>>> print(open('final_15.cif').read())   # mmCIF, C-alpha atoms
data_data
#
loop_
_atom_site.group_PDB
_atom_site.id
_atom_site.type_symbol
_atom_site.label_atom_id
_atom_site.label_comp_id
_atom_site.auth_asym_id
_atom_site.auth_seq_id
_atom_site.Cartn_x
_atom_site.Cartn_y
_atom_site.Cartn_z
ATOM 1 C CA TRP A 162 -49.702 83.054 66.547
ATOM 2 C CA VAL A 163 -46.833 81.861 64.347
ATOM 3 C CA GLY A 164 -44.837 80.899 67.423
ATOM 4 C CA ALA A 165 -47.703 79.113 69.187
ATOM 5 C CA ARG A 166 -47.271 75.378 69.673
ATOM 6 C CA SER A 167 -50.035 72.799 69.915
ATOM 7 C CA HIS A 168 -50.560 69.052 69.765
ATOM 8 C CA ALA A 169 -50.768 69.097 65.980
ATOM 9 C CA GLY A 170 -48.652 68.251 62.981
ATOM 10 C CA LEU A 171 -48.933 67.949 59.217
ATOM 11 C CA MET A 172 -49.211 64.449 57.754
ATOM 12 C CA ALA A 173 -49.585 62.806 61.136
ATOM 13 C CA PRO A 174 -50.003 59.042 60.727
ATOM 14 C CA VAL A 175 -53.553 57.730 60.849
ATOM 15 C CA ARG A 176 -54.596 55.390 63.631
ATOM 16 C CA ARG A 177 -56.527 52.511 62.082
ATOM 17 C CA GLY A 178 -60.172 51.963 62.947
ATOM 18 C CA ARG A 179 -63.499 53.728 62.441
ATOM 19 C CA TYR A 180 -64.154 56.902 64.435
ATOM 20 C CA PRO A 181 -67.084 59.296 64.882
ATOM 21 C CA VAL A 182 -66.741 62.678 63.198
ATOM 22 C CA VAL A 183 -67.381 65.983 64.983
ATOM 23 C CA VAL A 184 -67.492 69.329 63.145
ATOM 24 C CA PHE A 185 -66.509 72.488 65.029
ATOM 25 C CA SER A 186 -67.596 76.017 64.069
ATOM 26 C CA PRO A 187 -66.037 79.056 65.816
ATOM 27 C CA GLY A 188 -67.648 82.255 67.027
ATOM 28 C CA PHE A 189 -68.519 85.143 64.723
ATOM 29 C CA GLY A 190 -65.327 86.561 63.218
ATOM 30 C CA VAL A 191 -63.179 84.191 65.281
ATOM 31 C CA PRO A 192 -60.594 81.834 63.725
ATOM 32 C CA ARG A 193 -61.097 78.101 64.205
ATOM 33 C CA GLY A 194 -57.645 77.836 65.791
ATOM 34 C CA LEU A 195 -58.901 79.485 68.979
ATOM 35 C CA ALA A 196 -60.503 76.197 70.057
ATOM 36 C CA SER A 197 -57.362 74.074 70.051
ATOM 37 C CA VAL A 198 -57.809 72.838 73.638
ATOM 38 C CA ILE A 199 -61.196 71.176 73.195
ATOM 39 C CA VAL A 200 -60.392 70.036 69.643
ATOM 40 C CA ALA A 201 -57.248 68.278 70.898
ATOM 41 C CA GLU A 202 -59.221 66.818 73.801
ATOM 42 C CA LEU A 203 -61.826 65.262 71.503
ATOM 43 C CA ALA A 204 -59.162 63.985 69.128
ATOM 44 C CA SER A 205 -57.412 62.334 72.071
ATOM 45 C CA ARG A 206 -60.690 60.561 72.899
ATOM 46 C CA GLY A 207 -60.929 58.978 69.456
ATOM 47 C CA TYR A 208 -62.944 61.513 67.470
ATOM 48 C CA VAL A 209 -62.094 62.891 64.052
ATOM 49 C CA VAL A 210 -62.574 66.628 64.604
ATOM 50 C CA VAL A 211 -63.048 68.836 61.549
ATOM 51 C CA THR A 212 -62.777 72.592 62.165
ATOM 52 C CA VAL A 213 -64.202 75.199 59.801
ATOM 53 C CA ASP A 214 -63.123 78.766 59.046
ATOM 54 C CA HIS A 215 -65.947 80.823 57.518
ATOM 55 C CA THR A 216 -64.614 82.808 54.563
ATOM 56 C CA PHE A 217 -65.170 86.600 54.523
ATOM 57 C CA GLU A 218 -66.244 86.465 58.171
ATOM 58 C CA THR A 219 -63.089 85.445 60.023
ATOM 59 C CA ALA A 220 -60.023 87.692 59.799
ATOM 60 C CA ALA A 221 -58.353 85.784 56.951
ATOM 61 C CA VAL A 222 -58.693 82.502 55.057
ATOM 62 C CA GLU A 223 -55.929 81.207 52.798
ATOM 63 C CA PHE A 224 -56.925 79.407 49.619
ATOM 64 C CA PRO A 225 -54.839 77.229 47.273
ATOM 65 C CA GLY A 226 -52.189 79.145 45.407
ATOM 66 C CA GLY A 227 -51.682 81.608 48.252
ATOM 67 C CA ARG A 228 -54.886 83.625 47.732
ATOM 68 C CA VAL A 229 -55.988 85.201 51.016
ATOM 69 C CA GLU A 230 -59.514 86.466 51.604
ATOM 70 C CA LEU A 231 -59.923 88.971 54.424
ATOM 71 C CA GLN A 232 -62.988 89.758 56.506
ATOM 72 C CA THR A 233 -65.599 91.466 54.333
ATOM 73 C CA LEU A 234 -68.947 92.059 56.004
ATOM 74 C CA PRO A 235 -72.038 93.656 54.458
ATOM 75 C CA ALA A 236 -73.083 96.988 55.929
ATOM 76 C CA THR A 237 -76.411 95.632 57.163
ATOM 77 C CA GLY A 238 -78.098 92.303 57.621
ATOM 78 C CA TYR A 239 -74.877 90.424 58.095
ATOM 79 C CA ALA A 240 -76.170 88.253 60.944
ATOM 80 C CA ARG A 241 -78.683 86.288 58.894
ATOM 81 C CA THR A 242 -76.318 86.224 55.921
ATOM 82 C CA ALA A 243 -73.654 84.751 58.189
ATOM 83 C CA ARG A 244 -76.054 82.129 59.520
ATOM 84 C CA ALA A 245 -77.013 80.952 56.041
ATOM 85 C CA THR A 246 -73.412 81.010 54.823
ATOM 86 C CA ARG A 247 -72.185 79.037 57.813
ATOM 87 C CA VAL A 248 -74.763 76.310 57.222
ATOM 88 C CA ALA A 249 -73.688 76.099 53.586
ATOM 89 C CA ASP A 250 -70.041 75.922 54.683
ATOM 90 C CA VAL A 251 -70.641 73.025 57.076
ATOM 91 C CA ARG A 252 -72.755 71.082 54.581
ATOM 92 C CA PHE A 253 -70.055 71.615 51.948
ATOM 93 C CA VAL A 254 -67.525 70.146 54.366
ATOM 94 C CA LEU A 255 -69.778 67.155 55.090
ATOM 95 C CA ASP A 256 -70.184 66.534 51.350
ATOM 96 C CA HIS A 257 -66.423 66.509 50.881
ATOM 97 C CA LEU A 258 -65.891 64.230 53.860
ATOM 98 C CA THR A 259 -68.216 61.822 52.059
ATOM 99 C CA LYS A 260 -66.046 62.061 48.958
ATOM 100 C CA LEU A 261 -62.975 61.422 51.091
ATOM 101 C CA ARG A 262 -64.652 58.420 52.704
ATOM 102 C CA ASN A 263 -65.500 57.067 49.232
ATOM 103 C CA GLY A 264 -61.872 57.157 48.121
ATOM 104 C CA SER A 265 -61.570 60.556 46.431
ATOM 105 C CA ASN A 266 -59.154 63.301 47.391
ATOM 106 C CA PRO A 267 -61.244 66.460 47.965
ATOM 107 C CA ASP A 268 -58.181 68.690 48.440
ATOM 108 C CA ALA A 269 -58.407 71.589 45.979
ATOM 109 C CA GLU A 270 -54.748 71.169 44.985
ATOM 110 C CA GLN A 271 -54.822 67.370 45.158
ATOM 111 C CA ARG A 272 -52.127 67.420 47.810
ATOM 112 C CA ARG A 273 -51.231 64.092 49.326
ATOM 113 C CA LEU A 274 -53.286 63.230 52.391
ATOM 114 C CA PRO A 275 -52.275 60.908 55.236
ATOM 115 C CA GLU A 276 -52.630 57.322 54.118
ATOM 116 C CA GLY A 277 -55.931 55.750 55.154
ATOM 117 C CA LEU A 278 -57.539 59.023 56.247
ATOM 118 C CA GLY A 279 -60.826 58.432 54.466
ATOM 119 C CA GLN A 280 -61.213 54.917 55.820
ATOM 120 C CA ILE A 281 -61.338 56.011 59.457
ATOM 121 C CA LEU A 282 -64.359 58.313 58.983
ATOM 122 C CA ASP A 283 -67.575 56.865 60.372
ATOM 123 C CA LEU A 284 -70.093 59.165 58.727
ATOM 124 C CA ARG A 285 -73.008 57.353 60.324
ATOM 125 C CA ARG A 286 -71.951 59.074 63.576
ATOM 126 C CA ILE A 287 -71.585 62.819 62.995
ATOM 127 C CA GLY A 288 -71.871 65.517 65.649
ATOM 128 C CA ALA A 289 -71.552 69.292 65.530
ATOM 129 C CA PHE A 290 -70.608 71.859 68.135
ATOM 130 C CA GLY A 291 -69.497 75.440 68.257
ATOM 131 C CA HIS A 292 -68.857 78.496 70.362
ATOM 132 C CA SER A 293 -71.116 81.560 70.201
ATOM 133 C CA ALA A 294 -72.231 81.891 66.553
ATOM 134 C CA GLY A 295 -70.724 78.437 66.047
ATOM 135 C CA GLY A 296 -73.197 77.009 68.540
ATOM 136 C CA ILE A 297 -75.970 78.604 66.513
ATOM 137 C CA THR A 298 -74.464 76.996 63.423
ATOM 138 C CA ALA A 299 -74.589 73.568 65.050
ATOM 139 C CA ALA A 300 -78.311 73.987 65.736
ATOM 140 C CA ASP A 301 -79.006 75.503 62.304
ATOM 141 C CA VAL A 302 -77.267 72.651 60.482
ATOM 142 C CA MET A 303 -79.209 70.067 62.473
ATOM 143 C CA GLY A 304 -82.391 71.780 61.321
ATOM 144 C CA VAL A 305 -81.657 71.083 57.648
ATOM 145 C CA ASP A 306 -79.257 68.131 57.569
ATOM 146 C CA ARG A 307 -80.086 64.858 59.277
ATOM 147 C CA ARG A 308 -76.537 63.600 58.850
ATOM 148 C CA VAL A 309 -75.756 65.466 62.069
ATOM 149 C CA ARG A 310 -77.020 63.348 64.949
ATOM 150 C CA ALA A 311 -76.147 65.480 67.980
ATOM 151 C CA GLY A 312 -75.122 69.078 68.691
ATOM 152 C CA ILE A 313 -73.785 71.488 71.309
ATOM 153 C CA ASP A 314 -74.229 75.245 71.599
ATOM 154 C CA LEU A 315 -71.556 76.912 73.733
ATOM 155 C CA ASP A 316 -73.025 80.283 74.737
ATOM 156 C CA GLY A 317 -74.644 81.146 71.399
ATOM 157 C CA GLU A 318 -77.932 83.102 71.440
ATOM 158 C CA LEU A 319 -80.159 81.211 68.984
ATOM 159 C CA GLY A 320 -82.278 84.173 67.922
ATOM 160 C CA TYR A 321 -79.253 86.076 66.574
ATOM 161 C CA GLY A 322 -80.237 88.202 63.561
ATOM 162 C CA TYR A 323 -84.001 87.973 64.171
ATOM 163 C CA PRO A 324 -85.864 90.847 65.886
ATOM 164 C CA ASP A 325 -88.326 88.239 67.129
ATOM 165 C CA PRO A 326 -86.442 85.087 68.197
ATOM 166 C CA ALA A 327 -89.594 83.030 67.634
ATOM 167 C CA SER A 328 -89.247 83.633 63.890
ATOM 168 C CA ALA A 329 -85.810 81.994 63.677
ATOM 169 C CA PRO A 330 -86.443 78.579 62.036
ATOM 170 C CA THR A 331 -84.105 76.791 64.442
ATOM 171 C CA VAL A 332 -85.925 78.258 67.421
ATOM 172 C CA LYS A 333 -89.367 77.695 65.935
ATOM 173 C CA HIS A 334 -88.835 74.015 65.175
ATOM 174 C CA GLY A 335 -86.327 72.910 67.814
ATOM 175 C CA THR A 336 -84.736 69.529 67.199
ATOM 176 C CA ASP A 337 -85.659 65.882 67.661
ATOM 177 C CA ARG A 338 -82.028 64.873 68.244
ATOM 178 C CA PRO A 339 -79.782 65.246 71.303
ATOM 179 C CA PHE A 340 -78.680 68.785 72.057
ATOM 180 C CA LEU A 341 -76.656 70.392 74.845
ATOM 181 C CA LEU A 342 -76.983 74.070 75.771
ATOM 182 C CA PHE A 343 -73.977 75.301 77.749
ATOM 183 C CA GLY A 344 -74.093 78.933 78.851
ATOM 184 C CA THR A 345 -72.326 81.238 81.296
ATOM 185 C CA GLY A 346 -73.349 83.467 84.150
ATOM 186 C CA GLY A 347 -72.825 86.813 82.455
ATOM 187 C CA THR A 348 -73.904 86.615 78.815
ATOM 188 C CA GLY A 349 -77.666 86.383 79.178
ATOM 189 C CA PRO A 350 -80.213 89.222 79.231
ATOM 190 C CA ASN A 351 -79.042 92.277 81.193
ATOM 191 C CA GLY A 352 -75.712 90.623 81.941
ATOM 192 C CA GLY A 353 -77.294 87.726 83.788
ATOM 193 C CA PRO A 354 -76.990 83.985 83.201
ATOM 194 C CA LEU A 355 -77.690 82.523 79.763
ATOM 195 C CA THR A 356 -80.132 79.658 80.332
ATOM 196 C CA HIS A 357 -83.377 78.374 78.850
ATOM 197 C CA HIS A 358 -85.182 80.170 81.685
ATOM 198 C CA THR A 359 -83.659 83.591 80.999
ATOM 199 C CA GLU A 360 -83.003 83.807 77.252
ATOM 200 C CA PRO A 361 -86.099 83.829 74.982
ATOM 201 C CA SER A 362 -84.540 81.974 72.045
ATOM 202 C CA TRP A 363 -83.151 79.248 74.305
ATOM 203 C CA ARG A 364 -86.508 78.976 76.088
ATOM 204 C CA LEU A 365 -88.413 78.467 72.825
ATOM 205 C CA PHE A 366 -85.814 76.103 71.382
ATOM 206 C CA TRP A 367 -85.950 74.074 74.600
ATOM 207 C CA ALA A 368 -89.754 73.924 74.536
ATOM 208 C CA ASN A 369 -89.863 72.938 70.858
ATOM 209 C CA SER A 370 -87.153 70.261 71.072
ATOM 210 C CA THR A 371 -88.234 66.668 71.608
ATOM 211 C CA GLY A 372 -84.855 64.923 71.751
ATOM 212 C CA TRP A 373 -82.515 64.397 74.714
ATOM 213 C CA LYS A 374 -81.534 67.812 76.068
ATOM 214 C CA ARG A 375 -79.548 69.365 78.888
ATOM 215 C CA ASP A 376 -78.855 72.945 79.974
ATOM 216 C CA LEU A 377 -75.564 73.594 81.784
ATOM 217 C CA ASN A 378 -74.181 76.840 83.121
ATOM 218 C CA LEU A 379 -70.833 78.269 84.231
ATOM 219 C CA PRO A 380 -72.087 80.887 86.749
ATOM 220 C CA ASN A 381 -68.689 82.565 87.195
ATOM 221 C CA GLY A 382 -67.547 82.113 83.593
ATOM 222 C CA ARG A 383 -67.926 84.469 80.670
ATOM 223 C CA HIS A 384 -68.322 84.215 76.919
ATOM 224 C CA TYR A 385 -64.761 83.138 76.101
ATOM 225 C CA SER A 386 -64.439 80.603 78.900
ATOM 226 C CA PHE A 387 -65.157 77.891 76.326
ATOM 227 C CA VAL A 388 -62.187 78.606 74.059
ATOM 228 C CA ASP A 389 -58.425 78.969 74.433
ATOM 229 C CA TYR A 390 -58.661 82.344 76.197
ATOM 230 C CA GLN A 391 -59.417 80.319 79.326
ATOM 231 C CA VAL A 392 -55.865 78.952 79.077
ATOM 232 C CA LEU A 393 -54.077 81.858 77.414
ATOM 233 C CA ILE A 394 -55.090 84.694 79.723
ATOM 234 C CA PRO A 395 -54.011 83.021 83.006
ATOM 235 C CA TRP A 396 -50.776 82.030 81.269
ATOM 236 C CA LEU A 397 -50.159 85.619 80.112
ATOM 237 C CA GLN A 398 -50.714 86.843 83.655
ATOM 238 C CA ARG A 399 -47.461 85.143 84.621
ATOM 239 C CA PHE A 400 -45.498 87.502 82.356
ATOM 240 C CA ILE A 401 -47.425 90.722 81.783
ATOM 241 C CA PRO A 402 -50.149 92.707 83.561
ATOM 242 C CA VAL A 403 -53.572 91.788 82.178
ATOM 243 C CA PRO A 404 -56.247 94.451 82.744
ATOM 244 C CA PRO A 405 -58.838 93.212 85.269
ATOM 245 C CA GLU A 406 -61.673 94.379 83.009
ATOM 246 C CA LEU A 407 -60.332 92.200 80.183
ATOM 247 C CA ILE A 408 -60.378 89.172 82.459
ATOM 248 C CA ALA A 409 -63.857 90.014 83.756
ATOM 249 C CA ASN A 410 -65.283 90.409 80.248
ATOM 250 C CA THR A 411 -63.671 87.355 78.650
ATOM 251 C CA ILE A 412 -63.285 84.515 81.174
ATOM 252 C CA GLY A 413 -64.774 85.913 84.390
ATOM 253 C CA SER A 414 -63.796 84.863 87.879
ATOM 254 C CA ALA A 415 -64.244 81.087 87.607
ATOM 255 C CA ALA A 416 -61.288 78.910 88.598
ATOM 256 C CA PRO A 417 -59.514 78.125 85.298
ATOM 257 C CA ASP A 418 -58.693 74.522 86.197
ATOM 258 C CA ALA A 419 -62.316 73.863 87.142
ATOM 259 C CA VAL A 420 -63.576 75.347 83.866
ATOM 260 C CA LEU A 421 -61.149 73.254 81.840
ATOM 261 C CA ARG A 422 -62.186 70.149 83.737
ATOM 262 C CA ALA A 423 -65.852 70.885 83.015
ATOM 263 C CA VAL A 424 -65.313 71.502 79.304
ATOM 264 C CA ARG A 425 -63.108 68.414 78.991
ATOM 265 C CA THR A 426 -65.733 66.338 80.806
ATOM 266 C CA TYR A 427 -69.116 67.416 79.479
ATOM 267 C CA ILE A 428 -68.357 67.815 75.774
ATOM 268 C CA PRO A 429 -66.713 64.381 75.311
ATOM 269 C CA ALA A 430 -69.351 62.794 77.587
ATOM 270 C CA PHE A 431 -72.158 64.206 75.447
ATOM 271 C CA PHE A 432 -70.686 62.845 72.225
ATOM 272 C CA ASP A 433 -69.740 59.535 73.880
ATOM 273 C CA GLN A 434 -73.350 59.071 74.901
ATOM 274 C CA HIS A 435 -74.997 60.086 71.658
ATOM 275 C CA LEU A 436 -72.504 59.069 68.974
ATOM 276 C CA ARG A 437 -71.043 56.003 70.680
ATOM 277 C CA GLN A 438 -74.050 54.877 72.744
ATOM 278 C CA ARG A 439 -72.033 54.919 75.947
ATOM 279 C CA PRO A 440 -74.400 56.126 78.699
ATOM 280 C CA GLN A 441 -72.932 58.763 81.013
ATOM 281 C CA TYR A 442 -75.326 58.540 83.932
ATOM 282 C CA GLY A 443 -72.754 59.636 86.473
ATOM 283 C CA VAL A 444 -71.761 62.722 84.501
ATOM 284 C CA TRP A 445 -75.310 64.056 84.260
ATOM 285 C CA LYS A 446 -76.256 63.164 87.835
ATOM 286 C CA HIS A 447 -74.003 65.558 89.747
ATOM 287 C CA ALA A 448 -72.684 68.892 88.483
ATOM 288 C CA LEU A 449 -68.955 69.496 88.638
ATOM 289 C CA PRO A 450 -67.488 72.442 90.596
ATOM 290 C CA GLU A 451 -68.048 75.778 88.802
ATOM 291 C CA THR A 452 -71.047 74.343 86.922
ATOM 292 C CA THR A 453 -74.787 74.219 87.519
ATOM 293 C CA TYR A 454 -77.499 72.094 85.943
ATOM 294 C CA ILE A 455 -80.480 74.151 84.819
ATOM 295 C CA ASN A 456 -83.677 72.116 85.168
#
>>> encode(input="final_15.cif", output="structure tokens")
Amino acid sequence: WVGARSHAGLMAPVRRGRYPVVVFSPGFGVPRGLASVIVAELASRGYVVVTVDHTFETAAVEFPGGRVELQTLPATGYARTARATRVADVRFVLDHLTKLRNGSNPDAEQRRLPEGLGQILDLRRIGAFGHSAGGITAADVMGVDRRVRAGIDLDGELGYGYPDPASAPTVKHGTDRPFLLFGTGGTGPNGGPLTHHTEPSWRLFWANSTGWKRDLNLPNGRHYSFVDYQVLIPWLQRFIPVPPELIANTIGSAAPDAVLRAVRTYIPAFFDQHLRQRPQYGVWKHALPETTYIN
């Protein structure tokens, strides 16, 4: 990872203006850096994207002074503990973004931040999205924090950690704000599609939600089609043999360019519509190649 290059740099100059803020949460145990493609895409569209690593869950998190905390999971019951901790993490981040917007420097070491960073944050327009457990986090945070106005779940089963999905608060109450469910063709029950017709927690969440909602599916995609594996694995295939079963279990058989186009279209379109009030009638009218609308 040290040698990986991306469209990022420390102390990049701030572009003046006021921009919506979107918080990204990664999958369970996954580092936030594995979503660089969609994070860069949203940033290029004029969003301030804040990514979160969840301490003691992801492989390693570095704190001020060089302290590194490694993954430390409880022997049992970690799923619900992780859900609660993730919500607390995201709300902590939102609180500190507010401090930054109000002129304070929330950095733990008081390091210099790019000039004007706080002034560009429009905290009246906050969205949340995530992959897998991060998608659950987006829904969970919306259930307890009305600062988040819209959310996306990328292939995250909303009943995670609950023997009966109906008892998960997020599932039980749904949401009254816009929400996008985006699943794949092989991560639902019995290896089938993950949709609000097939997955009990999605079905109940869908039924209990009163806001704008859509259900999209990548029939030939798999769980990691939504993150950088969709780019990295085809790239690696140019240099080394990649086991077919690894491809089948991570990104599936969908055409990589079509998947990237879909992710780069639907996620920005959703936030454009619900954080910027820019209707996207054309986007939601006809599904792109490799995608299906679930009605």
>>> resolve_selection(input="final_15.cif", expression="the PyMOL selection byres ((chain A and resi 269-271) around 12)", output="NGL selection string")
:A and (224-227 or 257 or 261 or 265-268 or 272-274)
>>> residues_around(input="final_15.cif", residues="range 337-343 of chain A", least_positions_apart="2", cutoff="10 Å", atoms="only C-alpha atoms", output="ChimeraX atom specification")
/A:288-290,292,296,299-300,303-304,307,309-317,334-335,345,355-357,363,367,369-379,387,424,427-428,431-432,434-436,452-455
>>> resolve_selection(input="final_15.cif", expression="the PyMOL selection byres ((chain A and resi 244) around 10)", output="NGL selection string")
:A and (189 or 239-243 or 245-250 or 294-295 or 297-298 or 301-302 or 321-322)
>>> atom_distance(input="final_15.cif", atom1="CA of Pro330 in chain A", atom2="CA of Phe366 in chain A")
9.7 Å
>>> residues_around(input="final_15.cif", residues="range 389-394 of chain A", least_positions_apart="5", cutoff="9 Å", atoms="all atoms listed in the file", output="PyMOL selection string")
chain A and resi 194-199+403+408+411-412+417-418+420-421
>>> closest_residue(input="final_15.cif", among="A:Ser362, A:Ser414, A:Gln232, A:Ser167", to="Gly320 in chain A", atoms="all atoms listed in the file")
A:Ser362
>>> atom_distance(input="final_15.cif", atom1="CA of Glu451 in chain A", atom2="CA of Arg425 in chain A")
13.2 Å
>>> residues_around(input="final_15.cif", residues="Ala220 in chain A", least_positions_apart="6", cutoff="12 Å", atoms="all atoms listed in the file", output="NGL selection string")
:A and (188-194 or 214 or 229-234)
>>> resolve_selection(input="final_15.cif", expression="the PyMOL selection byres ((chain A and resi 354) around 10)", output="ChimeraX atom specification")
/A:344-353,355-360,378-383
>>> residues_around(input="final_15.cif", residues="Thr212 in chain A", least_positions_apart="5", cutoff="8 Å", atoms="all atoms listed in the file", output="VMD selection string")
chain A and resid 184 to 186 193
>>> write_last_selection(input="final_15.cif", atoms="C-alpha atoms", output="CSV table (one decimal), in the frame of the given file")
chain,number,residue,atom,x,y,z
A,184,VAL,CA,-67.5,69.3,63.1
A,185,PHE,CA,-66.5,72.5,65.0
A,186,SER,CA,-67.6,76.0,64.1
A,193,ARG,CA,-61.1,78.1,64.2
>>> atom_distance(input="final_15.cif", atom1="CA of Lys260 in chain A", atom2="CA of Ala169 in chain A")
23.9 Å
>>> decode(input="final_15.cif", residues="range 378-396 of chain A", atoms="N, CA and C atoms", output="PDB file, in the first residue's frame")
ATOM      1  N   ASN A 378     -29.516  -2.979  -8.230  1.00  0.00           N
ATOM      2  CA  ASN A 378     -28.788  -4.234  -8.118  1.00  0.00           C
ATOM      3  C   ASN A 378     -27.788  -4.385  -9.245  1.00  0.00           C
ATOM      4  N   LEU A 379     -26.626  -4.961  -8.901  1.00  0.00           N
ATOM      5  CA  LEU A 379     -25.609  -5.367  -9.876  1.00  0.00           C
ATOM      6  C   LEU A 379     -25.700  -6.889 -10.011  1.00  0.00           C
ATOM      7  N   PRO A 380     -26.495  -7.419 -10.933  1.00  0.00           N
ATOM      8  CA  PRO A 380     -26.733  -8.872 -10.980  1.00  0.00           C
ATOM      9  C   PRO A 380     -25.470  -9.705 -11.115  1.00  0.00           C
ATOM     10  N   ASN A 381     -24.484  -9.221 -11.874  1.00  0.00           N
ATOM     11  CA  ASN A 381     -23.260  -9.994 -12.091  1.00  0.00           C
ATOM     12  C   ASN A 381     -22.110  -9.548 -11.191  1.00  0.00           C
ATOM     13  N   GLY A 382     -22.377  -8.587 -10.310  1.00  0.00           N
ATOM     14  CA  GLY A 382     -21.352  -8.126  -9.380  1.00  0.00           C
ATOM     15  C   GLY A 382     -21.331  -8.960  -8.114  1.00  0.00           C
ATOM     16  N   ARG A 383     -20.348  -8.690  -7.282  1.00  0.00           N
ATOM     17  CA  ARG A 383     -20.263  -9.341  -5.978  1.00  0.00           C
ATOM     18  C   ARG A 383     -19.924  -8.293  -4.914  1.00  0.00           C
ATOM     19  N   HIS A 384     -19.707  -8.763  -3.697  1.00  0.00           N
ATOM     20  CA  HIS A 384     -19.680  -7.866  -2.547  1.00  0.00           C
ATOM     21  C   HIS A 384     -18.665  -6.734  -2.678  1.00  0.00           C
ATOM     22  N   TYR A 385     -17.518  -7.001  -3.280  1.00  0.00           N
ATOM     23  CA  TYR A 385     -16.467  -5.980  -3.340  1.00  0.00           C
ATOM     24  C   TYR A 385     -16.450  -5.224  -4.671  1.00  0.00           C
ATOM     25  N   SER A 386     -17.532  -5.343  -5.424  1.00  0.00           N
ATOM     26  CA  SER A 386     -17.623  -4.566  -6.662  1.00  0.00           C
ATOM     27  C   SER A 386     -17.719  -3.067  -6.389  1.00  0.00           C
ATOM     28  N   PHE A 387     -18.108  -2.698  -5.169  1.00  0.00           N
ATOM     29  CA  PHE A 387     -18.329  -1.291  -4.852  1.00  0.00           C
ATOM     30  C   PHE A 387     -17.076  -0.567  -4.369  1.00  0.00           C
ATOM     31  N   VAL A 388     -15.992  -1.295  -4.150  1.00  0.00           N
ATOM     32  CA  VAL A 388     -14.777  -0.653  -3.648  1.00  0.00           C
ATOM     33  C   VAL A 388     -13.638  -0.880  -4.638  1.00  0.00           C
ATOM     34  N   ASP A 389     -12.429  -0.530  -4.246  1.00  0.00           N
ATOM     35  CA  ASP A 389     -11.308  -0.475  -5.184  1.00  0.00           C
ATOM     36  C   ASP A 389     -10.905  -1.828  -5.755  1.00  0.00           C
ATOM     37  N   TYR A 390     -11.371  -2.935  -5.162  1.00  0.00           N
ATOM     38  CA  TYR A 390     -11.082  -4.241  -5.754  1.00  0.00           C
ATOM     39  C   TYR A 390     -11.559  -4.306  -7.203  1.00  0.00           C
ATOM     40  N   GLN A 391     -12.643  -3.579  -7.504  1.00  0.00           N
ATOM     41  CA  GLN A 391     -13.183  -3.596  -8.858  1.00  0.00           C
ATOM     42  C   GLN A 391     -12.178  -3.041  -9.863  1.00  0.00           C
ATOM     43  N   VAL A 392     -11.282  -2.188  -9.395  1.00  0.00           N
ATOM     44  CA  VAL A 392     -10.212  -1.644 -10.239  1.00  0.00           C
ATOM     45  C   VAL A 392      -8.930  -2.449 -10.083  1.00  0.00           C
ATOM     46  N   LEU A 393      -8.604  -2.812  -8.852  1.00  0.00           N
ATOM     47  CA  LEU A 393      -7.315  -3.436  -8.565  1.00  0.00           C
ATOM     48  C   LEU A 393      -7.182  -4.839  -9.160  1.00  0.00           C
ATOM     49  N   ILE A 394      -8.228  -5.642  -9.046  1.00  0.00           N
ATOM     50  CA  ILE A 394      -8.101  -7.029  -9.503  1.00  0.00           C
ATOM     51  C   ILE A 394      -7.924  -7.113 -11.018  1.00  0.00           C
ATOM     52  N   PRO A 395      -8.729  -6.417 -11.831  1.00  0.00           N
ATOM     53  CA  PRO A 395      -8.455  -6.448 -13.282  1.00  0.00           C
ATOM     54  C   PRO A 395      -7.070  -5.900 -13.630  1.00  0.00           C
ATOM     55  N   TRP A 396      -6.611  -4.912 -12.865  1.00  0.00           N
ATOM     56  CA  TRP A 396      -5.269  -4.377 -13.116  1.00  0.00           C
ATOM     57  C   TRP A 396      -4.207  -5.428 -12.795  1.00  0.00           C
TER      58      TRP A 396
END
